[in-house]
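Notes to accompany the following structure.
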Amino acid sequence: MPLPVTRTTARRPSVRWPGPISVPAGDGSLPHRLSGAVVTAIARGELAPGDALPSTRALATQVGVGRGVVVHAYDELAAAGYVEARRGSGTVVLPGADVAARAAHLPDPTGHPVRPRGSGETADARGVRSEGDADGRGVRSQMQADSGPVRSAAGTLDLRPGHTEPALISDRDWRAAWRQGIPGTPGAEALSRARHPELEAALADHLRRMRGLVVSQDEVVVVPGASAAFRILSAAAGLADRTVALEDPGYRRARAAFVQEGARVRPVPVDDDGLDPALLHDSDAAVYVTPAHHYPLGARMPVARRVELVERARAWGQLVVEDDYDGEFRYGVPPLPALRSIRGADACTAYVGTASKILTPDLGLAWLVPPRPVLPAVREAQDGLSLGASPVAARALAHLIDTGALGRHLARAARLYHARRDALVAALSARLPDLRVSGVEAGLHLVLLLTDPAADDRATASRLLERGLRVEALSDYYLAAPRPGLVIGYARLPESRATDVARAVAAAVAEAVPH
């Protein structure tokens, strides 16, 4: 059965608000502090799933701030998966938001504010902006981003997974971040030994708010990409000549990174709920998973499996590597806190996140939160492998997080990617009603599963490339027992081109069917 486009229709809920509210004092921007107050109200049960928040104008009047402050705060809450703006219903608290809020509302482990803010706060971070243009670019930027396909020099529409829409990044915020990133004097420390206190603190706050992961800044290790994180973990955990269980199909670069450090990889088949912990062996030294959005099939690992995975790993002394590559993007589904936030997971689970999917690969940054017992070995391995990150890029990203620019970007991106996903799913369902579309609840890509197990998806992808459309064959992601399909990214696909893409895909699939 094809997966229909998600549409929410519900009777308008009554507005519920936990009495008079004030923006708490602190160093953060007004929108950041206001969104934190809403999360607190959800965590305390004062706001429940299904409750509608006041309109932005009504809340701005009550709190005594500009409406733009409330717009930014609601955008941040939507990007984190706590609320959703519904036509005719206003902004509503999503199912599961209470669980995620209680996880995110745990106190900072350091017992003090994550980072004192400097004097570089921008005007819109203070909330002094007009009501209509929330990010300085607004509707104009989205129209420009959606005005045409992103093409290579050869004129090909590149819809391979993993690409983001760079036109969504605010030019003003981007330039301000890099000005902040350039130091007054060059540093003298080797990159592999350099610490990044501004970004470590900013990421600790970001992970708590967005992914329900409570860590201190000293536990955050900044690295030059996710592959570097996998290599560092391999060296720190001594995985050379030992077995690492990987999801099959799975992320090829993760597989290559483990192999590069001498590990043996063992494919573990996944189902509609992701990796099944019952298929692990006690001889596996580590297991690599993408629980928020399996890569590439898109399954979300349910809580019961997450708990079982952690329990097995602790009992068998295994390292769990959680790759949260695009956990910030969810569409109409409740947020699930990171696997590492489960009780006891901090002793065996390494969390890996990256800037390449939420912003751009140009930053060359990722972050690693290793199990606490492994942290010293991770620092040593990072130096030994010379895998340090750029201090300039780190300070720039810290500025984007601290000023709220990243939160605004995530909200803006989620709206556009949701619309592009809906357009592509609808177009594929119309042209190929008998095929199943997988992985549409989150992320930046979907998978079109071919029903004939003998279908040659590589040949189908080649035919599409001849038509000017670059996608990937699902079978290329397997180590064993491949299943045919097409992996199609939609982050760079203008809604106006969705029908053209579906028509080309349908024609290529039809040619693959034997007559």
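Identifiers in the structure tokens: chain A, B, ... in order shown; residue index from 1 per chain; ligand index from 1 in order shown.
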If you count only C-alpha atoms, which residues fall within 8 Å of Ala498 (chain A), apart from same-chain ones fewer than 2 positions away, as an mmCIF file with all heavy atoms, in the first residue's frame?
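Saved as around_2.cif:
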```cif
data_model
loop_
_atom_site.group_PDB
_atom_site.id
_atom_site.type_symbol
_atom_site.label_atom_id
_atom_site.label_comp_id
_atom_site.auth_asym_id
_atom_site.auth_seq_id
_atom_site.Cartn_x
_atom_site.Cartn_y
_atom_site.Cartn_z
ATOM 1 N N ARG A 420 8.087 19.835 0.704
ATOM 2 C CA ARG A 420 8.712 19.145 -0.432
ATOM 3 C C ARG A 420 8.505 17.633 -0.326
ATOM 4 O O ARG A 420 8.276 16.968 -1.337
ATOM 5 C CB ARG A 420 10.199 19.497 -0.489
ATOM 6 C CG ARG A 420 10.440 20.944 -0.892
ATOM 7 C CD ARG A 420 11.900 21.314 -0.969
ATOM 8 N NE ARG A 420 12.066 22.644 -1.550
ATOM 9 C CZ ARG A 420 13.226 23.222 -1.810
ATOM 10 N NH1 ARG A 420 14.358 22.590 -1.540
ATOM 11 N NH2 ARG A 420 13.274 24.430 -2.342
ATOM 12 N N ALA A 423 4.894 16.905 -1.373
ATOM 13 C CA ALA A 423 4.715 17.015 -2.818
ATOM 14 C C ALA A 423 5.265 15.783 -3.531
ATOM 15 O O ALA A 423 4.631 15.248 -4.459
ATOM 16 C CB ALA A 423 5.404 18.280 -3.337
ATOM 17 N N LEU A 424 6.428 15.303 -3.105
ATOM 18 C CA LEU A 424 7.025 14.143 -3.764
ATOM 19 C C LEU A 424 6.229 12.877 -3.475
ATOM 20 O O LEU A 424 5.991 12.059 -4.376
ATOM 21 C CB LEU A 424 8.479 13.977 -3.325
ATOM 22 C CG LEU A 424 9.229 12.795 -3.942
ATOM 23 C CD1 LEU A 424 9.232 12.881 -5.460
ATOM 24 C CD2 LEU A 424 10.655 12.711 -3.410
ATOM 25 N N ALA A 427 3.076 12.899 -5.522
ATOM 26 C CA ALA A 427 3.340 12.670 -6.943
ATOM 27 C C ALA A 427 3.694 11.206 -7.202
ATOM 28 O O ALA A 427 3.224 10.610 -8.186
ATOM 29 C CB ALA A 427 4.469 13.587 -7.412
ATOM 30 N N LEU A 493 14.557 19.437 -3.747
ATOM 31 C CA LEU A 493 13.587 19.266 -4.818
ATOM 32 C C LEU A 493 12.480 20.305 -4.701
ATOM 33 O O LEU A 493 11.636 20.224 -3.800
ATOM 34 C CB LEU A 493 12.976 17.859 -4.759
ATOM 35 C CG LEU A 493 11.824 17.584 -5.739
ATOM 36 C CD1 LEU A 493 12.308 17.712 -7.184
ATOM 37 C CD2 LEU A 493 11.228 16.210 -5.490
ATOM 38 N N PRO A 494 12.413 21.290 -5.587
ATOM 39 C CA PRO A 494 11.321 22.255 -5.550
ATOM 40 C C PRO A 494 9.974 21.541 -5.711
ATOM 41 O O PRO A 494 9.857 20.582 -6.472
ATOM 42 C CB PRO A 494 11.609 23.172 -6.739
ATOM 43 C CG PRO A 494 13.072 23.014 -6.996
ATOM 44 C CD PRO A 494 13.389 21.597 -6.648
ATOM 45 N N GLU A 495 8.974 22.015 -4.990
ATOM 46 C CA GLU A 495 7.651 21.396 -5.084
ATOM 47 C C GLU A 495 7.140 21.389 -6.519
ATOM 48 O O GLU A 495 6.460 20.450 -6.946
ATOM 49 C CB GLU A 495 6.675 22.137 -4.177
ATOM 50 C CG GLU A 495 6.982 22.020 -2.697
ATOM 51 C CD GLU A 495 6.096 22.916 -1.865
ATOM 52 O OE1 GLU A 495 4.856 22.766 -1.917
ATOM 53 O OE2 GLU A 495 6.646 23.794 -1.156
ATOM 54 N N SER A 496 7.477 22.419 -7.268
ATOM 55 C CA SER A 496 7.002 22.515 -8.644
ATOM 56 C C SER A 496 7.596 21.443 -9.553
ATOM 57 O O SER A 496 7.076 21.201 -10.650
ATOM 58 C CB SER A 496 7.326 23.902 -9.215
ATOM 59 O OG SER A 496 8.734 24.128 -9.180
ATOM 60 N N ASP A 500 7.318 16.200 -12.229
ATOM 61 C CA ASP A 500 8.281 15.819 -13.270
ATOM 62 C C ASP A 500 9.163 14.660 -12.791
ATOM 63 O O ASP A 500 9.440 13.718 -13.549
ATOM 64 C CB ASP A 500 9.164 17.008 -13.636
ATOM 65 C CG ASP A 500 8.384 18.128 -14.305
ATOM 66 O OD1 ASP A 500 7.295 17.851 -14.843
ATOM 67 O OD2 ASP A 500 8.866 19.276 -14.275
ATOM 68 N N VAL A 501 9.602 14.741 -11.544
ATOM 69 C CA VAL A 501 10.451 13.688 -11.001
ATOM 70 C C VAL A 501 9.681 12.378 -10.930
ATOM 71 O O VAL A 501 10.187 11.315 -11.318
ATOM 72 C CB VAL A 501 10.983 14.090 -9.613
ATOM 73 C CG1 VAL A 501 11.619 12.901 -8.897
ATOM 74 C CG2 VAL A 501 11.995 15.225 -9.747
ATOM 75 N N ALA A 502 8.442 12.421 -10.427
ATOM 76 C CA ALA A 502 7.636 11.202 -10.322
ATOM 77 C C ALA A 502 7.379 10.595 -11.693
ATOM 78 O O ALA A 502 7.393 9.367 -11.856
ATOM 79 C CB ALA A 502 6.320 11.507 -9.614
#
```
Determine which residues of region 186-393 of chain A receive a DSSP assignment of strand (DSSP E), computed from the backbone, and state them as a short mmCIF file (atom, residue, chain, number, x, y, z; two decimals) with all heavy atoms, in the first residue's frame.
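Just written: part26.cif:
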```cif
data_model
loop_
_atom_site.label_atom_id
_atom_site.label_comp_id
_atom_site.auth_asym_id
_atom_site.auth_seq_id
_atom_site.Cartn_x
_atom_site.Cartn_y
_atom_site.Cartn_z
N VAL A 221 32.73 16.19 22.63
CA VAL A 221 33.98 16.19 21.87
C VAL A 221 33.66 16.67 20.45
O VAL A 221 32.84 16.06 19.76
CB VAL A 221 34.62 14.79 21.82
CG1 VAL A 221 35.92 14.83 21.03
CG2 VAL A 221 34.86 14.27 23.24
N VAL A 222 34.27 17.75 20.03
CA VAL A 222 34.05 18.32 18.70
C VAL A 222 35.03 17.70 17.72
O VAL A 222 36.25 17.68 17.98
CB VAL A 222 34.19 19.86 18.74
CG1 VAL A 222 33.96 20.45 17.35
CG2 VAL A 222 33.21 20.46 19.74
N VAL A 223 34.51 17.21 16.60
CA VAL A 223 35.34 16.49 15.63
C VAL A 223 35.04 17.01 14.22
O VAL A 223 34.01 17.64 13.99
CB VAL A 223 35.08 14.96 15.71
CG1 VAL A 223 35.51 14.43 17.05
CG2 VAL A 223 33.61 14.64 15.46
N THR A 243 34.59 -7.50 16.23
CA THR A 243 33.40 -7.42 15.38
C THR A 243 32.52 -6.25 15.78
O THR A 243 32.20 -6.06 16.96
CB THR A 243 32.58 -8.72 15.47
OG1 THR A 243 33.41 -9.80 15.05
CG2 THR A 243 31.36 -8.65 14.57
N VAL A 244 32.11 -5.49 14.76
CA VAL A 244 31.13 -4.42 14.94
C VAL A 244 29.87 -4.82 14.17
O VAL A 244 29.93 -5.07 12.96
CB VAL A 244 31.67 -3.07 14.42
CG1 VAL A 244 30.61 -1.99 14.56
CG2 VAL A 244 32.93 -2.67 15.18
N ALA A 245 28.74 -4.88 14.85
CA ALA A 245 27.46 -5.17 14.20
C ALA A 245 26.91 -3.89 13.61
O ALA A 245 26.79 -2.88 14.30
CB ALA A 245 26.48 -5.75 15.21
N LEU A 246 26.57 -3.93 12.33
CA LEU A 246 26.03 -2.76 11.64
C LEU A 246 24.67 -3.09 11.02
O LEU A 246 24.44 -4.22 10.56
CB LEU A 246 26.96 -2.30 10.52
CG LEU A 246 28.23 -1.55 10.92
CD1 LEU A 246 29.37 -2.50 11.11
CD2 LEU A 246 28.59 -0.52 9.86
N GLU A 247 23.79 -2.10 11.02
CA GLU A 247 22.50 -2.25 10.36
C GLU A 247 22.72 -2.57 8.88
O GLU A 247 23.62 -2.04 8.24
CB GLU A 247 21.70 -0.95 10.46
CG GLU A 247 21.42 -0.50 11.89
CD GLU A 247 20.97 0.94 11.95
OE1 GLU A 247 21.46 1.76 11.15
OE2 GLU A 247 20.14 1.26 12.82
N ASP A 248 21.87 -3.46 8.36
CA ASP A 248 21.95 -3.82 6.95
C ASP A 248 20.54 -3.78 6.35
O ASP A 248 19.69 -4.57 6.76
CB ASP A 248 22.55 -5.21 6.78
CG ASP A 248 23.00 -5.49 5.36
OD1 ASP A 248 23.48 -4.54 4.71
OD2 ASP A 248 22.87 -6.64 4.91
N ARG A 264 36.19 -5.68 12.14
CA ARG A 264 35.42 -6.57 11.26
C ARG A 264 33.95 -6.19 11.39
O ARG A 264 33.45 -6.03 12.51
CB ARG A 264 35.62 -8.03 11.67
CG ARG A 264 37.04 -8.54 11.54
CD ARG A 264 37.10 -10.05 11.78
NE ARG A 264 36.63 -10.38 13.13
CZ ARG A 264 37.42 -10.51 14.18
NH1 ARG A 264 38.73 -10.33 14.05
NH2 ARG A 264 36.93 -10.83 15.36
N VAL A 265 33.26 -6.06 10.28
CA VAL A 265 31.86 -5.65 10.33
C VAL A 265 30.96 -6.85 10.06
O VAL A 265 31.27 -7.69 9.21
CB VAL A 265 31.56 -4.51 9.34
CG1 VAL A 265 32.35 -3.27 9.71
CG2 VAL A 265 31.86 -4.92 7.91
N ARG A 266 29.86 -6.91 10.80
CA ARG A 266 28.88 -7.99 10.64
C ARG A 266 27.51 -7.37 10.35
O ARG A 266 26.98 -6.62 11.17
CB ARG A 266 28.80 -8.84 11.91
CG ARG A 266 27.88 -10.05 11.78
CD ARG A 266 27.89 -10.89 13.05
NE ARG A 266 27.20 -10.23 14.17
CZ ARG A 266 25.88 -10.28 14.37
NH1 ARG A 266 25.09 -10.93 13.52
NH2 ARG A 266 25.35 -9.69 15.42
N PRO A 267 26.94 -7.64 9.17
CA PRO A 267 25.64 -7.04 8.84
C PRO A 267 24.51 -7.67 9.65
O PRO A 267 24.44 -8.90 9.79
CB PRO A 267 25.49 -7.33 7.35
CG PRO A 267 26.31 -8.56 7.11
CD PRO A 267 27.46 -8.47 8.06
N VAL A 268 23.61 -6.83 10.17
CA VAL A 268 22.43 -7.28 10.90
C VAL A 268 21.20 -6.76 10.19
O VAL A 268 21.03 -5.54 10.07
CB VAL A 268 22.46 -6.78 12.37
CG1 VAL A 268 21.21 -7.25 13.11
CG2 VAL A 268 23.72 -7.24 13.08
N PRO A 269 20.35 -7.62 9.68
CA PRO A 269 19.18 -7.14 8.92
C PRO A 269 18.23 -6.34 9.81
O PRO A 269 18.09 -6.61 11.01
CB PRO A 269 18.52 -8.43 8.43
CG PRO A 269 18.99 -9.49 9.37
CD PRO A 269 20.37 -9.09 9.78
N VAL A 270 17.60 -5.32 9.22
CA VAL A 270 16.63 -4.50 9.94
C VAL A 270 15.23 -4.80 9.44
O VAL A 270 15.04 -5.33 8.34
CB VAL A 270 16.94 -2.99 9.77
CG1 VAL A 270 18.34 -2.66 10.29
CG2 VAL A 270 16.81 -2.57 8.31
N ASP A 271 14.24 -4.45 10.26
CA ASP A 271 12.84 -4.59 9.86
C ASP A 271 12.17 -3.23 9.98
O ASP A 271 12.84 -2.19 10.03
CB ASP A 271 12.13 -5.67 10.70
CG ASP A 271 12.20 -5.39 12.20
OD1 ASP A 271 12.37 -4.22 12.59
OD2 ASP A 271 12.08 -6.35 12.99
N GLY A 274 13.54 -1.04 12.70
CA GLY A 274 14.98 -0.86 12.77
C GLY A 274 15.70 -2.13 13.18
O GLY A 274 15.23 -3.25 12.92
N LEU A 275 16.82 -1.98 13.85
CA LEU A 275 17.61 -3.14 14.26
C LEU A 275 16.95 -3.83 15.45
O LEU A 275 16.51 -3.18 16.41
CB LEU A 275 19.03 -2.69 14.62
CG LEU A 275 20.01 -3.79 15.02
CD1 LEU A 275 21.39 -3.52 14.43
CD2 LEU A 275 20.12 -3.87 16.55
N ASP A 284 29.89 -9.58 19.71
CA ASP A 284 30.00 -8.27 19.06
C ASP A 284 30.62 -7.28 20.05
O ASP A 284 30.12 -7.11 21.17
CB ASP A 284 28.63 -7.74 18.63
CG ASP A 284 27.98 -8.61 17.57
OD1 ASP A 284 28.71 -9.19 16.74
OD2 ASP A 284 26.73 -8.72 17.56
N ALA A 285 31.68 -6.62 19.64
CA ALA A 285 32.32 -5.63 20.51
C ALA A 285 31.56 -4.31 20.51
O ALA A 285 31.61 -3.56 21.48
CB ALA A 285 33.76 -5.41 20.08
N ALA A 286 30.87 -4.03 19.40
CA ALA A 286 30.14 -2.77 19.28
C ALA A 286 28.99 -2.97 18.31
O ALA A 286 28.98 -3.91 17.51
CB ALA A 286 31.07 -1.65 18.80
N VAL A 287 28.02 -2.05 18.38
CA VAL A 287 26.89 -2.06 17.46
C VAL A 287 26.62 -0.63 17.02
O VAL A 287 26.61 0.30 17.86
CB VAL A 287 25.64 -2.70 18.09
CG1 VAL A 287 25.29 -2.04 19.42
CG2 VAL A 287 24.45 -2.63 17.15
N TYR A 288 26.45 -0.44 15.73
CA TYR A 288 26.18 0.88 15.15
C TYR A 288 24.71 0.95 14.75
O TYR A 288 24.21 0.07 14.04
CB TYR A 288 27.07 1.12 13.93
CG TYR A 288 26.66 2.30 13.08
CD1 TYR A 288 27.15 3.58 13.35
CD2 TYR A 288 25.77 2.14 12.01
CE1 TYR A 288 26.76 4.66 12.57
CE2 TYR A 288 25.39 3.22 11.23
CZ TYR A 288 25.88 4.48 11.51
OH TYR A 288 25.49 5.55 10.75
N VAL A 289 24.00 2.01 15.21
CA VAL A 289 22.57 2.13 14.93
C VAL A 289 22.22 3.58 14.60
O VAL A 289 22.90 4.52 15.01
CB VAL A 289 21.71 1.67 16.12
CG1 VAL A 289 21.78 0.17 16.31
CG2 VAL A 289 22.10 2.39 17.41
N LEU A 319 29.91 -1.56 23.10
CA LEU A 319 29.78 -0.14 22.80
C LEU A 319 28.64 0.04 21.80
O LEU A 319 28.61 -0.61 20.75
CB LEU A 319 31.08 0.40 22.19
CG LEU A 319 31.03 1.83 21.64
CD1 LEU A 319 30.85 2.84 22.76
CD2 LEU A 319 32.28 2.14 20.82
N VAL A 320 27.69 0.91 22.11
CA VAL A 320 26.62 1.27 21.18
C VAL A 320 26.95 2.63 20.57
O VAL A 320 27.17 3.60 21.30
CB VAL A 320 25.25 1.34 21.89
CG1 VAL A 320 24.16 1.77 20.90
CG2 VAL A 320 24.90 0.00 22.51
N VAL A 321 27.01 2.70 19.25
CA VAL A 321 27.27 3.95 18.55
C VAL A 321 25.95 4.44 17.96
O VAL A 321 25.41 3.82 17.04
CB VAL A 321 28.33 3.77 17.45
CG1 VAL A 321 28.60 5.11 16.75
CG2 VAL A 321 29.62 3.20 18.04
N GLU A 322 25.44 5.53 18.51
CA GLU A 322 24.16 6.11 18.06
C GLU A 322 24.45 7.25 17.09
O GLU A 322 24.94 8.31 17.49
CB GLU A 322 23.37 6.63 19.25
CG GLU A 322 22.08 7.33 18.85
CD GLU A 322 21.36 7.98 20.02
OE1 GLU A 322 21.95 8.10 21.11
OE2 GLU A 322 20.18 8.38 19.84
N ASP A 323 24.13 7.06 15.83
CA ASP A 323 24.32 8.08 14.81
C ASP A 323 22.99 8.81 14.64
O ASP A 323 22.04 8.29 14.05
CB ASP A 323 24.76 7.44 13.49
CG ASP A 323 25.11 8.47 12.43
OD1 ASP A 323 24.92 9.68 12.67
OD2 ASP A 323 25.56 8.06 11.34
N THR A 349 26.87 4.00 25.64
CA THR A 349 26.42 4.55 24.37
C THR A 349 27.17 5.82 24.01
O THR A 349 27.32 6.73 24.83
CB THR A 349 24.90 4.87 24.42
OG1 THR A 349 24.20 3.68 24.76
CG2 THR A 349 24.41 5.38 23.06
N ALA A 350 27.65 5.87 22.77
CA ALA A 350 28.28 7.06 22.22
C ALA A 350 27.30 7.73 21.26
O ALA A 350 26.80 7.09 20.34
CB ALA A 350 29.57 6.70 21.49
N TYR A 351 27.03 8.99 21.50
CA TYR A 351 26.11 9.76 20.65
C TYR A 351 26.93 10.56 19.64
O TYR A 351 27.90 11.24 19.99
CB TYR A 351 25.27 10.70 21.52
CG TYR A 351 24.37 11.64 20.74
CD1 TYR A 351 23.05 11.30 20.49
CD2 TYR A 351 24.84 12.85 20.25
CE1 TYR A 351 22.22 12.15 19.77
CE2 TYR A 351 24.03 13.71 19.54
CZ TYR A 351 22.71 13.35 19.29
OH TYR A 351 21.89 14.21 18.57
N VAL A 352 26.51 10.51 18.36
CA VAL A 352 27.20 11.25 17.30
C VAL A 352 26.18 12.10 16.56
O VAL A 352 25.14 11.61 16.11
CB VAL A 352 27.90 10.30 16.31
CG1 VAL A 352 28.57 11.11 15.19
CG2 VAL A 352 28.92 9.43 17.02
N GLY A 353 26.45 13.40 16.45
CA GLY A 353 25.62 14.31 15.68
C GLY A 353 26.48 15.08 14.70
O GLY A 353 27.72 15.10 14.82
N THR A 354 25.85 15.73 13.73
CA THR A 354 26.62 16.41 12.69
C THR A 354 25.93 17.68 12.23
O THR A 354 24.70 17.77 12.23
CB THR A 354 26.85 15.48 11.48
OG1 THR A 354 27.54 16.19 10.45
CG2 THR A 354 25.54 14.97 10.92
N ALA A 366 31.27 17.89 13.46
CA ALA A 366 30.36 16.92 14.09
C ALA A 366 30.69 16.91 15.57
O ALA A 366 31.66 17.53 16.01
CB ALA A 366 30.51 15.53 13.46
N TRP A 367 29.87 16.20 16.36
CA TRP A 367 30.12 16.15 17.79
C TRP A 367 29.87 14.75 18.31
O TRP A 367 29.04 14.01 17.80
CB TRP A 367 29.27 17.17 18.55
CG TRP A 367 27.86 17.29 18.04
CD1 TRP A 367 26.74 16.65 18.49
CD2 TRP A 367 27.42 18.15 16.98
NE1 TRP A 367 25.64 17.03 17.78
CE2 TRP A 367 26.03 17.96 16.84
CE3 TRP A 367 28.08 19.05 16.13
CZ2 TRP A 367 25.28 18.63 15.89
CZ3 TRP A 367 27.32 19.72 15.18
CH2 TRP A 367 25.94 19.52 15.07
N LEU A 368 30.60 14.43 19.33
CA LEU A 368 30.60 13.09 19.89
C LEU A 368 30.46 13.19 21.40
O LEU A 368 31.17 13.97 22.04
CB LEU A 368 31.92 12.40 19.51
CG LEU A 368 32.37 11.15 20.25
CD1 LEU A 368 31.38 10.02 20.03
CD2 LEU A 368 33.76 10.76 19.79
N VAL A 369 29.50 12.45 21.95
CA VAL A 369 29.36 12.33 23.41
C VAL A 369 29.62 10.86 23.74
O VAL A 369 28.72 10.03 23.62
CB VAL A 369 27.97 12.77 23.89
CG1 VAL A 369 27.90 12.70 25.42
CG2 VAL A 369 27.65 14.19 23.41
#
```
- Shell around Arg470 (chain A) at 7 Å using only C-alpha atoms, local window under 4 positions removed, as a ChimeraX atom specification: /A:156-160,464-465
- Task: Could you please determine the separation between CA of Ala52 (chain A) and CA of Glu76 (chain A) in Å, to one decimal place?
- Result: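 Between these atoms lies a distance of 16.1 Å.
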Hey, could you make a per-residue contact list for region 272-307 of chain A against region 436-455 of chain A with 9 Å as the cut-off, showing the nearest pair of atoms and its distance in Å to one decimal, counting only C-alpha atoms, sorted by chain and number, as a Markdown table?
```
| residue | atom | partner | partner_atom | distance |
| --- | --- | --- | --- | --- |
| A:Ala292 | CA | A:Ala442 | CA | 8.2 |
| A:His293 | CA | A:Ala442 | CA | 6.4 |
| A:His294 | CA | A:Gly439 | CA | 8.0 |
| A:Tyr295 | CA | A:Gly439 | CA | 8.8 |
| A:Pro296 | CA | A:Val447 | CA | 7.3 |
| A:Leu297 | CA | A:Gly439 | CA | 5.4 |
| A:Gly298 | CA | A:Gly439 | CA | 3.6 |
| A:Ala299 | CA | A:Gly439 | CA | 6.2 |
| A:Arg300 | CA | A:Glu441 | CA | 8.5 |
```
